[in-house]
Amino acid sequence: MSKVNRRQLLKTGAALAAAGALGQGFAQEFYASPPTLLPRTRAPRVVVVGGGWGGTTVARKVKQQNPNVEVVLVEQKPLFMSCPMSNLFLAGVKPLEWLVFDYTNVVKDGVVFVQERVLDINLGRRLVRTTGGYLSYDFLVLAPGVAYMYEAIPGYQEAKQFLPVGFRPFEHIALRRMLDQFDETGGELVMYIPNPPYRCPPGPYERAAMLAWRLKTKGVKGKVIVLDANPQPISKAPGFLAAYNELYKDYLEYVPNTRITGLDYGKKVVQTELGDVPFTLANIIPPMKAADIVQQVGLGERWANVRIPYFFSEKDDRVYLLGDITGNTPYPKSGMVAYVSGTIVARQITERLQGKPLTEIPPELPNNICYSFVDSEEAIWVAANYSWDEAAKQIKSQSSVDNQRSAANGTAAFGWATGIWNDMFGPA
């Protein structure tokens, strides 16, 4: 599969900085009178917004299944970074390059890769407006990921540049740098976990364990203090709590039912309903919502709704909603659900491009498995299968869990990740 080296990552950092410097005036000029970014041909066109787990999967598979269809993938970043498994990078178990891929093989399959930012979408005219011009489409797949609700925590908005969250791609680089500095100073590493829904429900709990593993392994004179708004870990609670108590009792303090009320970065204090908690380094995970384009286009407020049991929008059956942006389904906001949903949506778009009406396309629902590491080798997992009950008109689920940490689970986790990455970015 197509991997990325350190030199490419450095170049990417410069490219991302340049992209972030685009002024609003430039964007508004194109919005007022946008040029055509890609002229239309006679071929049907599928535009995919977002090159993450769901967007990349659906773009590549639609093109593989429909060689004569034009598939355009619109993504701001020139590289993909996997957030699933990224806690291993933060802990120092794996290098960043292990998580990063380029889109070379996706493009070799015939997908048109457009590195642009989406400014607006005109659903009536089926136009996607980007910083480089507009794209017309026959089908649109939205997979733009999440945005942070900094405003929900007083004081966070003003200090966000000092507090990388690390639940969106590449933010982990700054957080890892801060962790490297923390190794020298020690102190209190305060994490905050909000109430769901947010991206990757077990992710913060895995991160807490792996950061405690890092402190213990390196002999850092510090402690991870986990402030959880929830009464217990919202996924795999027995497995996480056992790891906290048995492996990291001197390095991790877990404090449930603790809601944050504010943040004073100047005083290095997290304010909670139970009092102030001082920190040397803080990783505050704010509440989340669908990326801003979803609200801007009018497809939802905090989240967007799909027409259950399918993946297209309640408001437009030519607009598919993938990944973490949906709000009315029971699926967790996970990379696995995005990937499996992408394969399903690709098949359904293929059938529609071939003229099959929606009424003749049977519903197909995703499955999920989520591995969480609690040290450098051992993991726990939870899995779920979803099905559509036509009589009851509802989604049903069957779940299983393994809260017993083991190296076998860790090996399975590595195999799971590399297998999906290879399908997304490896040779066709």
# chains A, B, ... in the order shown; residues from 1 in each chain; ligands from 1
call {"tool": "residues_around", "arguments": {"residues": "Thr326 (chain A)", "least_positions_apart": "2", "cutoff": "7 Å", "atoms": "only C-alpha atoms", "output": "list in words"}}
result
Trp303, Ala304, Asn305, Val306, Leu321, Asp324, Asn328 and Thr329 of chain A
call {"tool": "write_last_selection", "arguments": {"atoms": "all heavy atoms", "output": "short mmCIF file (atom, residue, chain, number, x, y, z; two decimals), in the first residue's frame"}}
result
data_model
loop_
_atom_site.label_atom_id
_atom_site.label_comp_id
_atom_site.auth_asym_id
_atom_site.auth_seq_id
_atom_site.Cartn_x
_atom_site.Cartn_y
_atom_site.Cartn_z
N TRP A 303 -26.37 17.53 14.02
CA TRP A 303 -26.08 16.38 13.16
C TRP A 303 -27.08 16.38 12.01
O TRP A 303 -28.09 17.09 12.04
CB TRP A 303 -26.18 15.07 13.94
CG TRP A 303 -25.37 15.05 15.20
CD1 TRP A 303 -25.84 15.18 16.48
CD2 TRP A 303 -23.94 14.92 15.33
NE1 TRP A 303 -24.80 15.13 17.38
CE2 TRP A 303 -23.62 14.97 16.69
CE3 TRP A 303 -22.91 14.76 14.40
CZ2 TRP A 303 -22.32 14.87 17.17
CZ3 TRP A 303 -21.61 14.65 14.87
CH2 TRP A 303 -21.32 14.71 16.24
N ALA A 304 -26.82 15.55 10.99
CA ALA A 304 -27.72 15.41 9.86
C ALA A 304 -28.47 14.09 9.96
O ALA A 304 -27.94 13.10 10.48
CB ALA A 304 -26.94 15.47 8.54
N ASN A 305 -29.70 14.08 9.46
CA ASN A 305 -30.51 12.86 9.52
C ASN A 305 -30.56 12.17 8.16
O ASN A 305 -30.68 12.82 7.12
CB ASN A 305 -31.94 13.19 9.96
CG ASN A 305 -32.01 13.53 11.44
OD1 ASN A 305 -31.06 13.31 12.18
ND2 ASN A 305 -33.14 14.09 11.86
N VAL A 306 -30.48 10.83 8.22
CA VAL A 306 -30.66 10.03 7.01
C VAL A 306 -32.07 9.46 7.00
O VAL A 306 -32.76 9.44 8.03
CB VAL A 306 -29.64 8.87 6.94
CG1 VAL A 306 -28.23 9.41 6.82
CG2 VAL A 306 -29.76 7.95 8.16
N LEU A 321 -25.06 10.64 3.17
CA LEU A 321 -24.39 11.15 4.38
C LEU A 321 -23.60 10.00 5.00
O LEU A 321 -24.18 8.98 5.39
CB LEU A 321 -25.41 11.68 5.37
CG LEU A 321 -26.38 12.73 4.82
CD1 LEU A 321 -27.43 13.09 5.86
CD2 LEU A 321 -25.64 13.97 4.35
N ASP A 324 -19.29 10.24 10.53
CA ASP A 324 -19.68 10.71 11.86
C ASP A 324 -20.73 11.82 11.85
O ASP A 324 -21.06 12.35 12.91
CB ASP A 324 -18.43 11.22 12.59
CG ASP A 324 -17.36 10.16 12.72
OD1 ASP A 324 -17.72 8.97 12.73
OD2 ASP A 324 -16.17 10.52 12.82
N ASN A 328 -29.38 10.39 13.60
CA ASN A 328 -30.61 9.65 13.94
C ASN A 328 -30.45 8.15 13.75
O ASN A 328 -31.44 7.43 13.55
CB ASN A 328 -31.78 10.16 13.10
CG ASN A 328 -31.58 9.93 11.60
OD1 ASN A 328 -30.46 9.91 11.12
ND2 ASN A 328 -32.68 9.77 10.87
N THR A 329 -29.22 7.65 13.80
CA THR A 329 -28.99 6.21 13.72
C THR A 329 -28.29 5.73 14.99
O THR A 329 -27.64 6.53 15.68
CB THR A 329 -28.11 5.85 12.51
OG1 THR A 329 -26.82 6.46 12.67
CG2 THR A 329 -28.74 6.34 11.21
#
call {"tool": "closest_atom_pairs", "arguments": {"of": "region 124-226 of chain A", "to": "region 330-339 of chain A", "cutoff": "12 Å", "atoms": "only C-alpha atoms", "output": "JSON lines"}}
result
{"residue": "A:Leu142", "atom": "CA", "partner": "A:Ala338", "partner_atom": "CA", "distance": 11.5}
{"residue": "A:Ala143", "atom": "CA", "partner": "A:Ala338", "partner_atom": "CA", "distance": 8.7}
{"residue": "A:Pro144", "atom": "CA", "partner": "A:Ala338", "partner_atom": "CA", "distance": 11.4}
{"residue": "A:Gly145", "atom": "CA", "partner": "A:Lys333", "partner_atom": "CA", "distance": 9.7}
{"residue": "A:Val146", "atom": "CA", "partner": "A:Lys333", "partner_atom": "CA", "distance": 9.9}
{"residue": "A:Phe167", "atom": "CA", "partner": "A:Ser334", "partner_atom": "CA", "distance": 11.4}
{"residue": "A:Arg168", "atom": "CA", "partner": "A:Gly335", "partner_atom": "CA", "distance": 11.8}
{"residue": "A:Pro196", "atom": "CA", "partner": "A:Pro332", "partner_atom": "CA", "distance": 10.0}
{"residue": "A:Pro197", "atom": "CA", "partner": "A:Lys333", "partner_atom": "CA", "distance": 8.0}
{"residue": "A:Tyr198", "atom": "CA", "partner": "A:Lys333", "partner_atom": "CA", "distance": 7.0}
{"residue": "A:Arg199", "atom": "CA", "partner": "A:Lys333", "partner_atom": "CA", "distance": 5.1}
{"residue": "A:Cys200", "atom": "CA", "partner": "A:Ser334", "partner_atom": "CA", "distance": 5.1}
{"residue": "A:Pro201", "atom": "CA", "partner": "A:Pro332", "partner_atom": "CA", "distance": 7.1}
{"residue": "A:Pro202", "atom": "CA", "partner": "A:Ser334", "partner_atom": "CA", "distance": 9.5}
{"residue": "A:Gly203", "atom": "CA", "partner": "A:Ser334", "partner_atom": "CA", "distance": 9.5}
call {"tool": "residues_around", "arguments": {"residues": "region 132-135 of chain A", "least_positions_apart": "3", "cutoff": "7 Å", "atoms": "only C-alpha atoms", "output": "list in words"}}
result
Phe30, Pro34, Pro35, Thr36, Leu37, Leu38, Glu116, Leu127, Val128 and Arg129 of chain A
call {"tool": "closest_residue", "arguments": {"among": "A:Lys236, A:Lys94, A:Lys108, A:His172", "to": "Ala379 (chain A)", "atoms": "only C-alpha atoms"}}
result
A:Lys236
call {"tool": "closest_atom_pairs", "arguments": {"of": "region 236-324 of chain A", "to": "region 217-220 of chain A", "cutoff": "12 Å", "atoms": "only C-alpha atoms", "output": "JSON lines"}}
result
{"residue": "A:Leu247", "atom": "CA", "partner": "A:Thr217", "partner_atom": "CA", "distance": 11.3}
{"residue": "A:Tyr248", "atom": "CA", "partner": "A:Thr217", "partner_atom": "CA", "distance": 10.6}
{"residue": "A:Asp250", "atom": "CA", "partner": "A:Gly219", "partner_atom": "CA", "distance": 11.1}
{"residue": "A:Tyr251", "atom": "CA", "partner": "A:Val220", "partner_atom": "CA", "distance": 9.1}
call {"tool": "select_by_dssp", "arguments": {"residues": "region 300-345 of chain A", "states": "strand (DSSP E or B)", "output": "list in words"}}
result
Gly300, Ala304, Val306, Phe312, Ser313, Val319, Tyr320, Leu321 and Thr326 of chain A
call {"tool": "write_last_selection", "arguments": {"atoms": "all heavy atoms", "output": "tab-separated table (two decimals), in the first residue's frame"}}
result
chain	number	residue	atom	x	y	z
A	300	GLY	N	-29.08	19.80	8.55
A	300	GLY	CA	-29.23	19.46	9.96
A	300	GLY	C	-28.66	20.55	10.84
A	300	GLY	O	-28.00	21.47	10.36
A	304	ALA	N	-26.82	15.55	10.99
A	304	ALA	CA	-27.72	15.41	9.86
A	304	ALA	C	-28.47	14.09	9.96
A	304	ALA	O	-27.94	13.10	10.48
A	304	ALA	CB	-26.94	15.47	8.54
A	306	VAL	N	-30.48	10.83	8.22
A	306	VAL	CA	-30.66	10.03	7.01
A	306	VAL	C	-32.07	9.46	7.00
A	306	VAL	O	-32.76	9.44	8.03
A	306	VAL	CB	-29.64	8.87	6.94
A	306	VAL	CG1	-28.23	9.41	6.82
A	306	VAL	CG2	-29.76	7.95	8.16
A	312	PHE	N	-29.03	8.01	2.60
A	312	PHE	CA	-29.18	9.32	1.96
A	312	PHE	C	-29.98	10.25	2.87
A	312	PHE	O	-30.70	9.83	3.78
A	312	PHE	CB	-29.81	9.21	0.57
A	312	PHE	CG	-31.07	8.40	0.50
A	312	PHE	CD1	-32.30	8.94	0.88
A	312	PHE	CD2	-31.05	7.09	0.03
A	312	PHE	CE1	-33.46	8.21	0.79
A	312	PHE	CE2	-32.21	6.33	-0.06
A	312	PHE	CZ	-33.42	6.90	0.33
A	313	SER	N	-29.83	11.54	2.61
A	313	SER	CA	-30.43	12.56	3.46
A	313	SER	C	-31.95	12.50	3.44
A	313	SER	O	-32.57	12.18	2.42
A	313	SER	CB	-29.97	13.94	2.98
A	313	SER	OG	-30.73	14.97	3.58
A	319	VAL	N	-28.25	12.91	-2.11
A	319	VAL	CA	-27.16	13.30	-1.21
A	319	VAL	C	-27.01	12.23	-0.14
A	319	VAL	O	-27.90	12.05	0.71
A	319	VAL	CB	-27.42	14.67	-0.56
A	319	VAL	CG1	-26.29	15.02	0.41
A	319	VAL	CG2	-27.56	15.75	-1.63
A	320	TYR	N	-25.90	11.52	-0.16
A	320	TYR	CA	-25.62	10.48	0.83
A	320	TYR	C	-24.77	11.06	1.96
A	320	TYR	O	-23.87	11.89	1.73
A	320	TYR	CB	-24.91	9.29	0.19
A	320	TYR	CG	-25.83	8.41	-0.60
A	320	TYR	CD1	-26.17	8.73	-1.93
A	320	TYR	CD2	-26.40	7.26	-0.05
A	320	TYR	CE1	-27.03	7.93	-2.65
A	320	TYR	CE2	-27.25	6.46	-0.77
A	320	TYR	CZ	-27.58	6.78	-2.07
A	320	TYR	OH	-28.43	5.99	-2.79
A	321	LEU	N	-25.06	10.64	3.17
A	321	LEU	CA	-24.39	11.15	4.38
A	321	LEU	C	-23.60	10.00	5.00
A	321	LEU	O	-24.18	8.98	5.39
A	321	LEU	CB	-25.41	11.68	5.37
A	321	LEU	CG	-26.38	12.73	4.82
A	321	LEU	CD1	-27.43	13.09	5.86
A	321	LEU	CD2	-25.64	13.97	4.35
A	326	THR	N	-23.98	11.82	10.94
A	326	THR	CA	-25.40	11.51	11.11
A	326	THR	C	-25.80	11.46	12.58
A	326	THR	O	-24.98	11.17	13.46
A	326	THR	CB	-25.75	10.17	10.44
A	326	THR	OG1	-24.97	9.13	11.03
A	326	THR	CG2	-25.47	10.23	8.95
call {"tool": "select_by_dssp", "arguments": {"residues": "region 170-345 of chain A", "states": "alpha helix (DSSP H)", "output": "MDAnalysis selection string"}}
result
chainID A and resid 172:185 203:218 237:247 292:297 335:345
call {"tool": "residues_around", "arguments": {"residues": "region 152-165 of chain A", "least_positions_apart": "6", "cutoff": "9 Å", "atoms": "only C-alpha atoms", "output": "list in words"}}
result
Glu171, His172, Ile173, Ala174, Leu175, Ile260, Thr261, Gly262, Leu263, Asp264, Tyr265, Gly266, Leu281, Ala282, Asn283, Ile284, Ile285, Pro286 and Pro287 of chain A
call {"tool": "closest_residue", "arguments": {"among": "A:Arg42, A:Arg176, A:Arg405, A:Arg302", "to": "Ala243 (chain A)", "atoms": "only C-alpha atoms"}}
result
A:Arg405
call {"tool": "closest_residue", "arguments": {"among": "A:Gly54, A:Thr280, A:Asn245, A:Asn68", "to": "Phe311 (chain A)", "atoms": "only C-alpha atoms"}}
result
A:Gly54
call {"tool": "closest_residue", "arguments": {"among": "A:Leu227, A:Val49, A:Ala384, A:Val69", "to": "Gly275 (chain A)", "atoms": "only C-alpha atoms"}}
result
A:Leu227
call {"tool": "closest_residue", "arguments": {"among": "A:Tyr254, A:Phe89, A:Tyr310, A:Phe279", "to": "Ser376 (chain A)", "atoms": "only C-alpha atoms"}}
result
A:Phe89
call {"tool": "closest_residue", "arguments": {"among": "A:Trp416, A:Phe139, A:Phe373, A:Trp421", "to": "Pro204 (chain A)", "atoms": "only C-alpha atoms"}}
result
A:Phe373
call {"tool": "decode", "arguments": {"residues": "region 385-412 of chain A", "atoms": "N, CA, C and O atoms", "output": "PDB file, in the first residue's frame"}}
result
ATOM      1  N   ASN A 385     -23.580  -5.982  15.201  1.00  0.00           N
ATOM      2  CA  ASN A 385     -24.188  -6.182  13.890  1.00  0.00           C
ATOM      3  C   ASN A 385     -25.556  -5.524  13.894  1.00  0.00           C
ATOM      4  O   ASN A 385     -26.336  -5.687  14.855  1.00  0.00           O
ATOM      5  N   TYR A 386     -25.869  -4.789  12.832  1.00  0.00           N
ATOM      6  CA  TYR A 386     -27.135  -4.066  12.742  1.00  0.00           C
ATOM      7  C   TYR A 386     -27.987  -4.650  11.621  1.00  0.00           C
ATOM      8  O   TYR A 386     -27.469  -5.050  10.567  1.00  0.00           O
ATOM      9  N   SER A 387     -29.292  -4.723  11.853  1.00  0.00           N
ATOM     10  CA  SER A 387     -30.210  -5.264  10.856  1.00  0.00           C
ATOM     11  C   SER A 387     -31.503  -4.457  10.876  1.00  0.00           C
ATOM     12  O   SER A 387     -31.837  -3.804  11.880  1.00  0.00           O
ATOM     13  N   TRP A 388     -32.227  -4.516   9.771  1.00  0.00           N
ATOM     14  CA  TRP A 388     -33.466  -3.769   9.632  1.00  0.00           C
ATOM     15  C   TRP A 388     -34.657  -4.696   9.840  1.00  0.00           C
ATOM     16  O   TRP A 388     -34.794  -5.721   9.181  1.00  0.00           O
ATOM     17  N   ASP A 389     -35.491  -4.337  10.806  1.00  0.00           N
ATOM     18  CA  ASP A 389     -36.716  -5.078  11.089  1.00  0.00           C
ATOM     19  C   ASP A 389     -37.848  -4.386  10.348  1.00  0.00           C
ATOM     20  O   ASP A 389     -38.341  -3.342  10.789  1.00  0.00           O
ATOM     21  N   GLU A 390     -38.238  -4.955   9.223  1.00  0.00           N
ATOM     22  CA  GLU A 390     -39.245  -4.314   8.382  1.00  0.00           C
ATOM     23  C   GLU A 390     -40.599  -4.241   9.079  1.00  0.00           C
ATOM     24  O   GLU A 390     -41.326  -3.240   8.956  1.00  0.00           O
ATOM     25  N   ALA A 391     -40.942  -5.267   9.830  1.00  0.00           N
ATOM     26  CA  ALA A 391     -42.241  -5.275  10.509  1.00  0.00           C
ATOM     27  C   ALA A 391     -42.314  -4.180  11.564  1.00  0.00           C
ATOM     28  O   ALA A 391     -43.313  -3.461  11.682  1.00  0.00           O
ATOM     29  N   ALA A 392     -41.251  -4.049  12.342  1.00  0.00           N
ATOM     30  CA  ALA A 392     -41.231  -3.043  13.409  1.00  0.00           C
ATOM     31  C   ALA A 392     -40.766  -1.678  12.915  1.00  0.00           C
ATOM     32  O   ALA A 392     -40.859  -0.696  13.651  1.00  0.00           O
ATOM     33  N   LYS A 393     -40.251  -1.637  11.687  1.00  0.00           N
ATOM     34  CA  LYS A 393     -39.714  -0.393  11.117  1.00  0.00           C
ATOM     35  C   LYS A 393     -38.648   0.221  12.017  1.00  0.00           C
ATOM     36  O   LYS A 393     -38.671   1.407  12.336  1.00  0.00           O
ATOM     37  N   GLN A 394     -37.700  -0.607  12.424  1.00  0.00           N
ATOM     38  CA  GLN A 394     -36.631  -0.103  13.276  1.00  0.00           C
ATOM     39  C   GLN A 394     -35.347  -0.905  13.073  1.00  0.00           C
ATOM     40  O   GLN A 394     -35.362  -2.028  12.582  1.00  0.00           O
ATOM     41  N   ILE A 395     -34.237  -0.262  13.464  1.00  0.00           N
ATOM     42  CA  ILE A 395     -32.933  -0.903  13.396  1.00  0.00           C
ATOM     43  C   ILE A 395     -32.715  -1.693  14.675  1.00  0.00           C
ATOM     44  O   ILE A 395     -32.904  -1.178  15.772  1.00  0.00           O
ATOM     45  N   LYS A 396     -32.307  -2.948  14.506  1.00  0.00           N
ATOM     46  CA  LYS A 396     -31.994  -3.780  15.664  1.00  0.00           C
ATOM     47  C   LYS A 396     -30.502  -4.106  15.657  1.00  0.00           C
ATOM     48  O   LYS A 396     -29.850  -4.090  14.610  1.00  0.00           O
ATOM     49  N   SER A 397     -29.967  -4.379  16.831  1.00  0.00           N
ATOM     50  CA  SER A 397     -28.535  -4.650  16.922  1.00  0.00           C
ATOM     51  C   SER A 397     -28.268  -5.836  17.833  1.00  0.00           C
ATOM     52  O   SER A 397     -29.030  -6.110  18.765  1.00  0.00           O
ATOM     53  N   GLN A 398     -27.196  -6.527  17.532  1.00  0.00           N
ATOM     54  CA  GLN A 398     -26.672  -7.583  18.388  1.00  0.00           C
ATOM     55  C   GLN A 398     -25.212  -7.267  18.649  1.00  0.00           C
ATOM     56  O   GLN A 398     -24.449  -7.008  17.714  1.00  0.00           O
ATOM     57  N   SER A 399     -24.824  -7.269  19.912  1.00  0.00           N
ATOM     58  CA  SER A 399     -23.467  -6.861  20.243  1.00  0.00           C
ATOM     59  C   SER A 399     -22.755  -7.934  21.052  1.00  0.00           C
ATOM     60  O   SER A 399     -23.382  -8.802  21.668  1.00  0.00           O
ATOM     61  N   SER A 400     -21.441  -7.877  21.029  1.00  0.00           N
ATOM     62  CA  SER A 400     -20.604  -8.756  21.842  1.00  0.00           C
ATOM     63  C   SER A 400     -19.389  -7.948  22.273  1.00  0.00           C
ATOM     64  O   SER A 400     -19.048  -6.938  21.656  1.00  0.00           O
ATOM     65  N   VAL A 401     -18.746  -8.400  23.340  1.00  0.00           N
ATOM     66  CA  VAL A 401     -17.633  -7.635  23.889  1.00  0.00           C
ATOM     67  C   VAL A 401     -16.631  -8.592  24.527  1.00  0.00           C
ATOM     68  O   VAL A 401     -17.010  -9.649  25.027  1.00  0.00           O
ATOM     69  N   ASP A 402     -15.372  -8.205  24.483  1.00  0.00           N
ATOM     70  CA  ASP A 402     -14.325  -8.927  25.199  1.00  0.00           C
ATOM     71  C   ASP A 402     -13.574  -7.906  26.044  1.00  0.00           C
ATOM     72  O   ASP A 402     -12.750  -7.145  25.534  1.00  0.00           O
ATOM     73  N   ASN A 403     -13.879  -7.894  27.335  1.00  0.00           N
ATOM     74  CA  ASN A 403     -13.241  -6.958  28.258  1.00  0.00           C
ATOM     75  C   ASN A 403     -11.962  -7.509  28.881  1.00  0.00           C
ATOM     76  O   ASN A 403     -11.340  -6.840  29.707  1.00  0.00           O
ATOM     77  N   GLN A 404     -11.593  -8.718  28.486  1.00  0.00           N
ATOM     78  CA  GLN A 404     -10.372  -9.314  29.009  1.00  0.00           C
ATOM     79  C   GLN A 404      -9.199  -8.944  28.102  1.00  0.00           C
ATOM     80  O   GLN A 404      -9.097  -9.433  26.985  1.00  0.00           O
ATOM     81  N   ARG A 405      -8.352  -8.081  28.576  1.00  0.00           N
ATOM     82  CA  ARG A 405      -7.228  -7.640  27.742  1.00  0.00           C
ATOM     83  C   ARG A 405      -6.307  -8.806  27.424  1.00  0.00           C
ATOM     84  O   ARG A 405      -6.053  -9.667  28.257  1.00  0.00           O
ATOM     85  N   SER A 406      -5.793  -8.810  26.191  1.00  0.00           N
ATOM     86  CA  SER A 406      -4.897  -9.889  25.778  1.00  0.00           C
ATOM     87  C   SER A 406      -4.045  -9.443  24.602  1.00  0.00           C
ATOM     88  O   SER A 406      -4.432  -8.558  23.831  1.00  0.00           O
ATOM     89  N   ALA A 407      -2.892 -10.089  24.454  1.00  0.00           N
ATOM     90  CA  ALA A 407      -2.027  -9.831  23.313  1.00  0.00           C
ATOM     91  C   ALA A 407      -2.669 -10.343  22.030  1.00  0.00           C
ATOM     92  O   ALA A 407      -2.439  -9.786  20.949  1.00  0.00           O
ATOM     93  N   ALA A 408      -3.478 -11.398  22.139  1.00  0.00           N
ATOM     94  CA  ALA A 408      -4.163 -11.913  20.952  1.00  0.00           C
ATOM     95  C   ALA A 408      -5.107 -10.859  20.376  1.00  0.00           C
ATOM     96  O   ALA A 408      -5.206 -10.686  19.154  1.00  0.00           O
ATOM     97  N   ASN A 409      -5.805 -10.139  21.261  1.00  0.00           N
ATOM     98  CA  ASN A 409      -6.665  -9.057  20.796  1.00  0.00           C
ATOM     99  C   ASN A 409      -5.850  -7.938  20.157  1.00  0.00           C
ATOM    100  O   ASN A 409      -6.277  -7.314  19.181  1.00  0.00           O
ATOM    101  N   GLY A 410      -4.685  -7.665  20.720  1.00  0.00           N
ATOM    102  CA  GLY A 410      -3.821  -6.656  20.138  1.00  0.00           C
ATOM    103  C   GLY A 410      -3.360  -7.034  18.744  1.00  0.00           C
ATOM    104  O   GLY A 410      -3.359  -6.209  17.818  1.00  0.00           O
ATOM    105  N   THR A 411      -2.981  -8.291  18.557  1.00  0.00           N
ATOM    106  CA  THR A 411      -2.575  -8.773  17.233  1.00  0.00           C
ATOM    107  C   THR A 411      -3.727  -8.668  16.242  1.00  0.00           C
ATOM    108  O   THR A 411      -3.540  -8.268  15.083  1.00  0.00           O
ATOM    109  N   ALA A 412      -4.930  -9.012  16.704  1.00  0.00           N
ATOM    110  CA  ALA A 412      -6.112  -8.905  15.846  1.00  0.00           C
ATOM    111  C   ALA A 412      -6.376  -7.456  15.456  1.00  0.00           C
ATOM    112  O   ALA A 412      -6.779  -7.167  14.320  1.00  0.00           O
TER     113      ALA A 412
END
